[in-house]
Amino acid sequence: MQPDLLTQIREGGILYILLLIAVTMHEFGHAFVADKLGDRLPRLDGRVTINPLAHIDMTGTVILPILTIALSIGAQFPLVFGWGKPVRVALDNPKTRAKVDVLSTAGGVGMNLASALFFAVLASIMAVAHLDDFVSFAVYGIFINCALFVINMIPIPPLDGSKFLKYAVGMSDSAYYNLARWGLFIFLAIILIPQTKFLLSLCIEFISGIFLHIVLILTELLN
């Protein structure tokens, strides 16, 4: 096997591990916040855990990520995207339904930002220790978590941003489910149309840049 191919396989494996971590933490964030707000269903479903096995969706966490990584490996930053098994919430209390739905939704994307911060701290520690390979690992972790954050904030079902849109504009459940029927097609259009794909990339670069700046600041402080 050629050395370049071995390197690509190694990088692909690292990217997949980082994506699995990001997806796991995202779903755990949903479950953790809902559980803290008194919704019993995530815990009954065994979702209040950082065990990846509890959050794996065969298509979104295994098949699609492996295919996208394999097809785009060698690019400046390979396409890495996936999702976990949706966290179910009961929302059985009419008085707190909206609050639990919004905050548990925010818990997922919030956890990706927290994970990006963790990788920023890790990158700075590894940089001070001159462990360049681990710095690259941590920087990829920043990019992947920022990518998941930005993509999930797109306001179309079933992405998290659609829940924020629903409550922001007072959308009815029937209107939301009608929109959800077209969600996949709208999402594919966004990532395939050059203009919207470029805008998405800019957002990911901007958010990632904030965390990379944190890496530089922490590295200077630790040196």
# chains A, B, ... in the order shown; residues from 1 in each chain; ligands from 1
>>> residues_around(residues="stretch 190-194 of chain A", least_positions_apart="5", cutoff="12 Å", atoms="only C-alpha atoms", output="list in words")
Leu79, Phe81, Ile151, Ile154, Pro155, Ile156, Gly183, Leu184, Phe185, Leu199, Leu200 and Ser201 of chain A
>>> closest_atom_pairs(of="stretch 173-220 of chain A", to="stretch 127-140 of chain A", cutoff="9 Å", atoms="only C-alpha atoms", output="Markdown table")
| residue | atom | partner | partner_atom | distance |
| --- | --- | --- | --- | --- |
| A:Leu212 | CA | A:Val139 | CA | 7.7 |
| A:Val215 | CA | A:Ala127 | CA | 8.9 |
| A:Thr219 | CA | A:Val128 | CA | 6.3 |
| A:Glu220 | CA | A:Val128 | CA | 8.7 |
>>> write_last_selection(atoms="N, CA and C atoms", output="short mmCIF file (atom, residue, chain, number, x, y, z; two decimals), in the first residue's frame")
data_model
loop_
_atom_site.label_atom_id
_atom_site.label_comp_id
_atom_site.auth_asym_id
_atom_site.auth_seq_id
_atom_site.Cartn_x
_atom_site.Cartn_y
_atom_site.Cartn_z
N LEU A 212 -9.84 29.52 16.75
CA LEU A 212 -8.42 29.50 16.41
C LEU A 212 -7.70 30.69 17.03
N VAL A 215 -6.96 29.79 20.47
CA VAL A 215 -5.77 28.94 20.52
C VAL A 215 -4.51 29.80 20.57
N THR A 219 -1.98 29.92 23.71
CA THR A 219 -0.60 29.46 23.46
C THR A 219 0.39 30.51 23.94
N GLU A 220 0.11 31.78 23.66
CA GLU A 220 0.99 32.86 24.13
C GLU A 220 1.02 32.93 25.64
#
>>> residues_around(residues="A:Gly84", least_positions_apart="2", cutoff="10 Å", atoms="only C-alpha atoms", output="VMD selection string")
chain A and resid 20 22 to 28 52 to 62 82 86 to 87
>>> closest_atom_pairs(of="stretch 90-155 of chain A", to="stretch 165-176 of chain A", cutoff="12 Å", atoms="only C-alpha atoms", output="JSON lines")
{"residue": "A:Arg97", "atom": "CA", "partner": "A:Tyr167", "partner_atom": "CA", "distance": 11.2}
{"residue": "A:Ala98", "atom": "CA", "partner": "A:Tyr167", "partner_atom": "CA", "distance": 7.7}
{"residue": "A:Lys99", "atom": "CA", "partner": "A:Tyr167", "partner_atom": "CA", "distance": 9.8}
{"residue": "A:Val100", "atom": "CA", "partner": "A:Tyr167", "partner_atom": "CA", "distance": 11.9}
{"residue": "A:Asp101", "atom": "CA", "partner": "A:Tyr167", "partner_atom": "CA", "distance": 9.5}
{"residue": "A:Val102", "atom": "CA", "partner": "A:Tyr167", "partner_atom": "CA", "distance": 8.0}
{"residue": "A:Leu103", "atom": "CA", "partner": "A:Tyr167", "partner_atom": "CA", "distance": 11.6}
{"residue": "A:Thr105", "atom": "CA", "partner": "A:Leu165", "partner_atom": "CA", "distance": 11.7}
{"residue": "A:Met153", "atom": "CA", "partner": "A:Leu165", "partner_atom": "CA", "distance": 9.8}
{"residue": "A:Ile154", "atom": "CA", "partner": "A:Leu165", "partner_atom": "CA", "distance": 9.4}
{"residue": "A:Pro155", "atom": "CA", "partner": "A:Leu165", "partner_atom": "CA", "distance": 6.1}
>>> select_by_dssp(residues="stretch 56-162 of chain A", states="helix (DSSP H, G or I)", output="PyMOL selection string")
chain A and resi 58-72+97-128+132-152+160-162
